[in-house]
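Asker: The file below is entry-v6.cif, mmCIF, C-alpha atoms:
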```cif
data_data
loop_
_atom_site.label_atom_id
_atom_site.label_comp_id
_atom_site.auth_asym_id
_atom_site.auth_seq_id
_atom_site.Cartn_x
_atom_site.Cartn_y
_atom_site.Cartn_z
CA MET A 1 118.37 50.65 92.10
CA THR A 2 120.58 49.80 95.07
CA LEU A 3 122.05 52.63 97.09
CA ASP A 4 125.60 53.47 98.08
CA ALA A 5 126.16 55.91 100.96
CA ALA A 6 129.45 57.06 99.45
CA ALA A 7 127.61 58.41 96.41
CA TYR A 8 125.78 61.04 98.50
CA ASP A 9 126.80 64.57 99.39
CA HIS A 10 124.68 66.47 101.93
CA SER A 11 125.71 69.89 100.71
CA ALA A 12 124.91 69.16 97.06
CA SER A 13 121.40 67.84 97.67
CA THR A 14 118.16 69.79 97.53
CA ALA A 15 116.23 66.84 98.97
CA VAL A 16 113.70 67.31 101.75
CA VAL A 17 115.07 64.19 103.48
CA GLN A 18 118.69 63.05 103.35
CA VAL A 19 119.59 59.79 105.07
CA ARG A 20 123.22 58.67 105.19
CA ASP A 21 124.51 55.28 106.35
CA LEU A 22 121.79 54.98 109.01
CA ILE A 23 122.23 52.11 111.48
CA TYR A 24 119.71 51.36 114.22
CA ASP A 25 120.06 48.65 116.88
CA TYR A 26 117.54 47.17 119.25
CA PRO A 27 118.97 45.43 122.34
CA THR A 28 118.96 42.01 120.64
CA ALA A 29 118.98 42.75 116.92
CA ARG A 30 119.98 45.26 114.27
CA ALA A 31 116.97 46.82 112.55
CA LEU A 32 118.63 49.10 109.96
CA PHE A 33 121.90 48.39 108.14
CA GLY A 34 123.62 51.42 106.62
CA VAL A 35 120.49 52.89 105.00
CA SER A 36 121.02 55.82 102.62
CA PHE A 37 118.56 57.67 100.37
CA ASP A 38 117.16 61.07 99.39
CA ILE A 39 113.50 62.09 99.21
CA GLU A 40 112.67 64.62 96.54
CA PRO A 41 110.48 67.63 97.37
CA GLY A 42 106.85 67.38 96.25
CA SER A 43 106.93 63.57 96.00
CA ILE A 44 104.86 60.81 97.58
CA THR A 45 107.03 57.82 98.38
CA ALA A 46 105.39 54.43 98.94
CA LEU A 47 107.40 52.65 101.64
CA VAL A 48 106.83 48.90 101.18
CA GLY A 49 108.38 45.67 102.29
CA PRO A 50 107.84 42.53 104.37
CA ASN A 51 106.65 42.67 107.96
CA GLY A 52 109.63 43.27 110.22
CA ALA A 53 111.73 44.77 107.43
CA GLY A 54 112.41 47.98 109.39
CA LYS A 55 109.85 50.36 107.84
CA THR A 56 108.37 51.65 111.09
CA THR A 57 111.80 51.97 112.70
CA LEU A 58 112.94 54.00 109.71
CA LEU A 59 109.92 56.31 109.95
CA ARG A 60 110.52 56.84 113.67
CA CYS A 61 114.15 57.77 112.98
CA LEU A 62 113.01 60.28 110.38
CA ALA A 63 110.56 61.73 112.91
CA ALA A 64 113.30 62.23 115.53
CA LEU A 65 111.62 59.72 117.85
CA GLU A 66 114.48 57.22 117.84
CA THR A 67 118.22 57.79 118.17
CA PRO A 68 120.22 55.70 115.68
CA TYR A 69 123.45 53.91 116.54
CA SER A 70 125.22 55.79 113.74
CA GLY A 71 124.61 57.66 110.51
CA SER A 72 122.59 60.82 109.98
CA VAL A 73 119.11 62.02 109.07
CA VAL A 74 118.63 65.55 107.75
CA VAL A 75 115.14 67.02 107.24
CA ASP A 76 114.78 70.45 105.66
CA GLY A 77 118.49 71.01 106.22
CA LEU A 78 118.34 70.20 109.96
CA ASN A 79 119.96 67.21 111.60
CA VAL A 80 117.21 65.38 113.50
CA GLU A 81 119.47 64.48 116.44
CA GLU A 82 120.64 68.06 116.90
CA HIS A 83 117.24 69.77 116.36
CA PRO A 84 114.49 67.30 117.35
CA ARG A 85 111.94 69.92 118.45
CA ASP A 86 112.41 71.93 115.26
CA ILE A 87 111.93 68.72 113.28
CA HIS A 88 108.69 67.95 115.13
CA ARG A 89 107.32 71.33 114.07
CA ARG A 90 108.32 70.76 110.46
CA LEU A 91 106.83 67.33 109.97
CA GLY A 92 103.66 65.42 110.71
CA PHE A 93 103.73 61.78 111.77
CA LEU A 94 100.89 59.28 112.05
CA GLN A 95 102.03 56.04 113.63
CA ASP A 96 100.41 52.70 112.90
CA PHE A 97 99.37 52.39 116.54
CA PHE A 98 98.35 55.78 117.86
CA GLY A 99 96.50 57.13 120.87
CA LEU A 100 93.86 59.83 121.22
CA TYR A 101 92.70 61.82 124.22
CA ASP A 102 89.34 60.11 124.54
CA ASP A 103 87.91 62.61 127.03
CA LEU A 104 88.60 65.57 124.72
CA SER A 105 86.34 66.62 121.88
CA VAL A 106 87.54 66.45 118.31
CA ARG A 107 87.97 70.23 118.39
CA GLN A 108 90.05 70.06 121.55
CA CYS A 109 92.22 67.25 120.18
CA LEU A 110 92.98 69.24 117.05
CA ASP A 111 93.58 72.45 119.00
CA HIS A 112 95.96 70.62 121.33
CA HIS A 113 98.00 69.28 118.42
CA ALA A 114 98.07 72.69 116.77
CA ALA A 115 99.42 74.24 119.97
CA ALA A 116 101.97 71.45 120.45
CA HIS A 117 103.30 72.07 116.94
CA GLY A 118 103.64 75.81 117.39
CA VAL A 119 100.60 77.09 115.50
CA PRO A 120 99.97 80.67 116.77
CA TRP A 121 96.92 81.04 119.02
CA VAL A 122 95.11 83.38 116.61
CA GLU A 123 95.51 80.90 113.75
CA ARG A 124 94.43 77.78 115.63
CA PRO A 125 90.62 78.05 115.22
CA ALA A 126 90.94 78.31 111.43
CA ALA A 127 93.48 75.47 111.38
CA VAL A 128 91.12 73.27 113.38
CA GLU A 129 88.19 73.99 111.06
CA GLN A 130 90.21 73.40 107.90
CA SER A 131 91.79 70.16 109.13
CA ALA A 132 88.41 68.81 110.30
CA GLU A 133 86.79 69.74 106.98
CA ARG A 134 89.49 67.98 104.99
CA LEU A 135 88.98 64.72 106.88
CA GLY A 136 85.19 64.83 106.96
CA LEU A 137 85.01 65.68 110.65
CA ALA A 138 83.39 69.11 110.49
CA ASP A 139 80.15 67.77 111.96
CA ARG A 140 81.99 65.93 114.75
CA LEU A 141 83.98 68.79 116.26
CA ASP A 142 82.08 68.77 119.55
CA GLN A 143 81.95 64.97 119.86
CA LYS A 144 84.33 63.28 122.29
CA ALA A 145 87.13 61.35 120.62
CA GLY A 146 86.37 58.32 122.78
CA THR A 147 82.92 57.95 121.22
CA LEU A 148 84.16 57.90 117.61
CA SER A 149 84.15 54.75 115.49
CA ARG A 150 87.48 53.23 114.49
CA GLY A 151 87.31 54.81 111.06
CA LEU A 152 86.55 58.26 112.46
CA ARG A 153 89.37 57.90 114.99
CA GLN A 154 91.71 57.18 112.09
CA ARG A 155 90.48 60.32 110.32
CA LEU A 156 91.07 62.37 113.46
CA ALA A 157 94.61 61.02 113.74
CA VAL A 158 95.34 62.06 110.14
CA ALA A 159 93.78 65.49 110.79
CA GLN A 160 96.06 65.94 113.80
CA ALA A 161 99.11 65.03 111.71
CA ILE A 162 98.45 67.74 109.10
CA ILE A 163 96.96 70.53 111.23
CA HIS A 164 100.21 72.52 111.35
CA ARG A 165 100.72 72.18 107.58
CA PRO A 166 104.07 70.37 107.79
CA ASN A 167 106.63 70.31 105.00
CA LEU A 168 107.02 66.55 105.42
CA LEU A 169 104.26 64.08 106.28
CA LEU A 170 105.04 60.53 107.45
CA LEU A 171 102.10 58.10 107.46
CA ASP A 172 102.30 54.52 108.74
CA GLU A 173 99.23 52.57 107.56
CA PRO A 174 97.03 55.69 107.29
CA ALA A 175 94.06 53.86 105.72
CA SER A 176 93.75 51.27 108.48
CA GLY A 177 90.14 51.12 109.63
CA LEU A 178 88.79 53.33 106.85
CA ASP A 179 85.93 52.19 104.64
CA PRO A 180 86.39 52.21 100.82
CA GLU A 181 84.83 55.66 100.41
CA ALA A 182 87.00 57.15 103.15
CA ARG A 183 90.10 55.53 101.62
CA GLN A 184 89.32 57.15 98.29
CA GLU A 185 88.87 60.51 100.01
CA LEU A 186 92.19 60.03 101.80
CA SER A 187 93.92 59.30 98.48
CA ARG A 188 92.54 62.53 97.03
CA LEU A 189 93.64 64.45 100.12
CA LEU A 190 97.21 63.15 99.88
CA VAL A 191 97.42 64.19 96.23
CA THR A 192 96.07 67.64 97.17
CA LEU A 193 98.67 68.00 99.93
CA ARG A 194 101.41 67.07 97.48
CA ASP A 195 100.10 69.58 94.94
CA GLU A 196 100.25 72.22 97.68
CA GLY A 197 103.95 71.52 98.16
CA MET A 198 104.00 68.88 100.89
CA THR A 199 106.34 65.87 100.65
CA LEU A 200 104.94 62.54 101.87
CA ILE A 201 106.22 59.10 102.82
CA VAL A 202 103.45 56.52 103.19
CA SER A 203 103.85 52.97 104.47
CA SER A 204 100.98 50.61 103.69
CA HIS A 205 100.21 46.96 102.96
CA ILE A 206 97.64 47.95 100.32
CA LEU A 207 99.82 48.35 97.23
CA ALA A 208 96.95 49.01 94.82
CA GLU A 209 95.91 51.92 97.00
CA LEU A 210 99.45 53.33 97.19
CA GLU A 211 99.63 53.31 93.41
CA ASP A 212 96.69 55.72 93.25
CA TYR A 213 98.82 58.57 94.57
CA SER A 214 102.49 57.58 94.89
CA THR A 215 105.26 58.97 92.68
CA HIS A 216 108.11 56.81 94.05
CA MET A 217 108.52 53.36 95.55
CA MET A 218 111.02 52.38 98.24
CA ILE A 219 111.39 48.69 99.07
CA VAL A 220 112.91 47.86 102.45
CA ARG A 221 114.07 44.32 103.12
CA ASP A 222 115.94 43.01 106.15
CA GLY A 223 116.77 46.53 107.30
CA ARG A 224 118.15 47.65 103.94
CA VAL A 225 116.78 49.79 101.12
CA VAL A 226 117.00 47.52 98.09
CA GLU A 227 114.98 49.64 95.66
CA HIS A 228 114.17 53.35 95.53
CA SER A 229 113.06 54.88 92.27
CA PRO A 230 110.20 56.69 90.52
CA LEU A 231 107.34 54.29 89.85
CA ASP A 232 107.58 54.61 86.08
CA GLN A 233 111.30 53.79 86.13
CA ALA A 234 110.71 50.82 88.44
CA ALA A 235 108.18 49.40 85.99
CA GLU A 236 110.47 49.97 83.01
CA ALA A 237 113.38 48.30 84.80
CA ALA A 238 111.39 45.19 85.64
CA PRO A 239 113.32 42.06 84.57
CA VAL A 240 110.37 40.50 82.73
CA ASN A 241 107.50 41.75 80.60
CA ARG A 242 103.86 41.23 81.44
CA LEU A 243 102.00 40.21 78.27
CA LEU A 244 98.36 39.62 77.39
CA ALA A 245 97.13 37.20 74.74
CA VAL A 246 93.46 37.43 73.70
CA LEU A 247 91.69 34.79 71.58
CA ALA A 248 88.62 35.14 69.38
CA GLN A 249 87.05 32.28 71.33
CA PRO A 250 88.14 30.32 74.41
CA ASP A 251 90.69 27.58 73.86
CA PRO A 252 92.19 25.60 76.77
CA ARG A 253 95.29 24.87 74.69
CA LEU A 254 96.55 28.45 75.11
CA ALA A 255 97.57 28.10 78.75
CA LYS A 256 98.96 24.61 78.18
CA ILE A 257 101.18 25.84 75.33
CA LEU A 258 102.38 28.84 77.34
CA HIS A 259 103.30 26.65 80.31
CA GLY A 260 105.65 24.69 78.06
CA ILE A 261 107.58 27.68 76.69
CA ASP A 262 110.93 28.75 78.17
CA GLY A 263 110.82 32.21 79.77
CA VAL A 264 107.07 32.12 80.45
CA SER A 265 105.82 32.28 84.05
CA GLY A 266 102.92 33.61 86.10
CA VAL A 267 100.28 32.39 83.65
CA MET A 268 96.80 33.60 84.64
CA ASP A 269 94.46 31.31 82.73
CA THR A 270 90.95 32.37 81.67
CA GLU A 271 91.14 30.43 78.35
CA ALA A 272 90.16 33.41 76.17
CA ASN A 273 92.30 36.06 77.91
CA VAL A 274 95.62 34.94 79.33
CA GLY A 275 98.11 37.18 81.10
CA PHE A 276 101.65 35.97 81.71
CA ASP A 277 105.23 37.08 82.40
CA PHE A 278 107.83 36.62 79.68
CA ALA A 279 111.58 37.06 80.12
CA GLY A 280 112.44 37.81 76.50
CA ASP A 281 113.22 40.69 74.15
CA ALA A 282 111.11 41.96 71.23
CA GLU A 283 112.44 39.29 68.88
CA ALA A 284 111.59 36.55 71.37
CA ARG A 285 108.08 37.96 71.77
CA ALA A 286 107.59 37.88 67.99
CA ALA A 287 108.71 34.24 67.92
CA LEU A 288 106.29 33.46 70.75
CA LEU A 289 103.40 35.01 68.85
CA ARG A 290 104.31 32.99 65.72
CA GLN A 291 104.30 29.82 67.79
CA LEU A 292 100.80 30.54 69.10
CA VAL A 293 99.43 31.31 65.63
CA GLU A 294 101.11 28.27 64.06
CA ALA A 295 99.48 26.14 66.74
CA GLY A 296 96.12 27.20 65.31
CA LEU A 297 95.12 29.53 68.15
CA PRO A 298 92.86 32.41 66.99
CA VAL A 299 94.95 35.23 68.49
CA VAL A 300 93.26 38.60 68.01
CA GLU A 301 95.36 40.59 70.48
CA PHE A 302 98.90 40.20 71.79
CA ARG A 303 100.40 43.10 73.70
CA PRO A 304 102.45 44.15 76.74
CA VAL A 305 100.62 45.16 79.90
CA ARG A 306 101.95 48.03 82.00
CA LEU A 307 103.16 46.71 85.34
CA ASN A 308 101.52 48.16 88.42
CA MET A 309 103.20 48.61 91.79
CA GLN A 310 102.21 45.18 93.05
CA ASP A 311 103.54 43.52 89.87
CA VAL A 312 106.90 45.28 90.28
CA TYR A 313 107.09 44.48 93.99
CA LEU A 314 106.28 40.79 93.47
CA GLN A 315 108.84 40.55 90.67
CA ARG A 316 111.48 41.96 93.02
CA ILE A 317 110.49 39.29 95.57
CA LYS A 318 110.63 36.53 92.97
CA ASN A 319 114.09 37.66 91.85
CA GLY A 320 115.40 37.80 95.39
CA THR A 321 115.69 41.57 95.79
CA GLY A 322 112.40 42.63 97.32
CA GLY A 323 111.78 40.51 100.39
CA ASP A 324 110.32 37.21 101.43
CA GLY A 325 106.82 37.67 100.14
CA ALA A 326 105.04 39.05 103.22
CA ILE A 327 103.75 42.42 102.13
#
```
Would you mind writing the file out in structure tokens?
Answerer:
Amino acid sequence: MTLDAAAYDHSASTAVVQVRDLIYDYPTARALFGVSFDIEPGSITALVGPNGAGKTTLLRCLAALETPYSGSVVVDGLNVEEHPRDIHRRLGFLQDFFGLYDDLSVRQCLDHHAAAHGVPWVERPAAVEQSAERLGLADRLDQKAGTLSRGLRQRLAVAQAIIHRPNLLLLDEPASGLDPEARQELSRLLVTLRDEGMTLIVSSHILAELEDYSTHMMIVRDGRVVEHSPLDQAAEAAPVNRLLAVLAQPDPRLAKILHGIDGVSGVMDTEANVGFDFAGDAEARAALLRQLVEAGLPVVEFRPVRLNMQDVYLQRIKNGTGGDGAI
């Protein structure tokens, strides 16, 4: 779904984030070209695209940390250029490259961020305890941030971003440095935050991980939003079908036959179980199945496979709408 700025009306939208014709220039290059989109409340949007596509610049504009050349960003009804400090209190932002106060304890780091985001003094101790508990840092509160491992530093950075319970949470590579168990815990936390009413935008290179908790996908390419839709709609709108053919016993002819059929691509050959993409309707799929059976292949299963986020993203790349292949 491509986006047209003229189709948007600020006053008619109930979106948490409203971006209209956003243009951002660096001294030697344009990073964002007329970007427009809405972010629905209570959603988790996976922000994906090639390296250098403009994802981090976009997040920094949303966080009122960069001033665009033109266009507008509205968060919770407030224009970010006109009310930057109010915006900072309403959202949390974890940058890909972040710094910590290494000489402060975990408790002091969290308390500092709570104060900076306007959490009342009487509420700060409870906010510190809750944020540390959520990120598995309750037993590290009195440890200096500078002595933490990379993974624990990442957890502390996430804890700082949510300590003031923002309405909008922006995360740029939040799982970087986390071990598999911690990544799973982070996924569960993000779903919990969404269920509690928070809206999230998460940029990551790990698409399989994003799929665990995302409700929407936004693809940015060359400074433009080329796709923004709910994940289920993105999969349904995919230009080809992913199919699976299963044989009663392995037969190397299956892959060879599929390679020679028009509309078939992306054949993953395991001889007995072959997945492939097929650009054809239901009638064409029936004809394909007949061809396999008539060739004497013992087909016991032939069915579509639901596309995951990575499948959809790669199909957009292959069809020239989703980037150059660098996720």
Asker: Return as a list in words the set of residues that the PyMOL selection byres ((chain A and resi 280) around 9) yields on the displayed structure.
Answerer: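 For this structure, the PyMOL selection byres ((chain A and resi 280) around 9) resolves to Val240, Asn241, Gly263, Val264, Phe278, Ala279, Asp281, Ala282, Glu283, Ala284 and Arg285 of chain A.
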Asker: Evaluate the PyMOL selection byres ((chain A and resi 46) around 7) against this structure - the residues, as a PyMOL selection string, please.
Answerer: chain A and resi 44-45+47-48+201-203+210+214+216-218
Asker: Exactly which residues make up the result of the PyMOL selection byres ((chain A and resi 34-42) around 8) on this file, given as a ChimeraX atom specification?
Answerer: /A:3-5,14-23,32-33,43-45,71,194-195,197-200,223-225,228
Asker: For Leu297 (chain A), which residue out of A:Ile257, A:Met268, A:Val119, A:Ala145 is the nearest one, using all atoms listed in the file?
Answerer: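 Closest candidate: A:Ile257.
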Asker: Can you work out which one of A:Ile163, A:Val158, A:Leu193, A:Leu152 has the shortest atom-to-atom distance to Asp111 (chain A), counting only C-alpha atoms?
Answerer: A:Ile163
Asker: Tell me, as a ChimeraX atom specification, which residues lie within 12 Å of Thr57 (chain A), counting all atoms listed in the file; anything in the same chain fewer than 4 positions away does not count.
Answerer: /A:22-26,30-33,35,47,51-53,61-68,95-96,172,203,220,222-224
Asker: Which one of A:Gly266, A:Pro27, A:Gly99, A:Pro298 sits closest to Pro252 (chain A) if you count all atoms listed in the file?
Answerer: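 Checking each of A:Gly266, A:Pro27, A:Gly99, A:Pro298 against Pro252 (chain A), counting all atoms listed in the file, the winner is A:Pro298.
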Asker: For Ile219 (chain A), which residue out of A:Tyr313, A:Phe98, A:Gln130, A:Gln291 is the nearest one, using all atoms listed in the file?
Answerer: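 So, comparing all the options, the nearest one is A:Tyr313.
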Asker: Neighbouring residues of Arg155 (chain A) were defined as those with any atom within 9 Å, considering all atoms listed in the file; residues of the same chain fewer than 2 positions away were excluded. Please report them as a list of chain:residue names.
Answerer: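 Contacts, in chain order: A:Ala132, A:Leu135, A:Gly136, A:Leu137, A:Arg150, A:Gly151, A:Leu152, A:Arg153, A:Ala157, A:Val158, A:Ala159, A:Gln160, A:Pro174, A:Ala175, A:Leu178, A:Ala182, A:Leu186.
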Asker: So which residues are close to (101.9, 61.2, 111.0), meaning at most 7 Å away in the file's coordinates with only C-alpha atoms counted, and can you show them as a PyMOL selection string?
Answerer: chain A and resi 92-95+158+161+169-171
Asker: Could you list, as a list of chain:residue names, every residue within 12 Å of Arg89 (chain A), counting all atoms listed in the file and ignoring same-chain residues fewer than 3 positions away?
Answerer: A:Ala63, A:Ala64, A:Val75, A:Asp76, A:Leu78, A:Val80, A:His83, A:Pro84, A:Arg85, A:Asp86, A:Gly92, A:Phe93, A:His113, A:Ala114, A:Ala115, A:Ala116, A:His117, A:Gly118, A:Val119, A:Ala161, A:Ile162, A:Ile163, A:His164, A:Arg165, A:Pro166, A:Asn167, A:Leu168, A:Leu169
Asker: Grab the CA of Pro180 (chain A) to CA of Ser131 (chain A) distance for me, in Å with one decimal place.
Answerer: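 These two atoms are separated by 20.5 Å.
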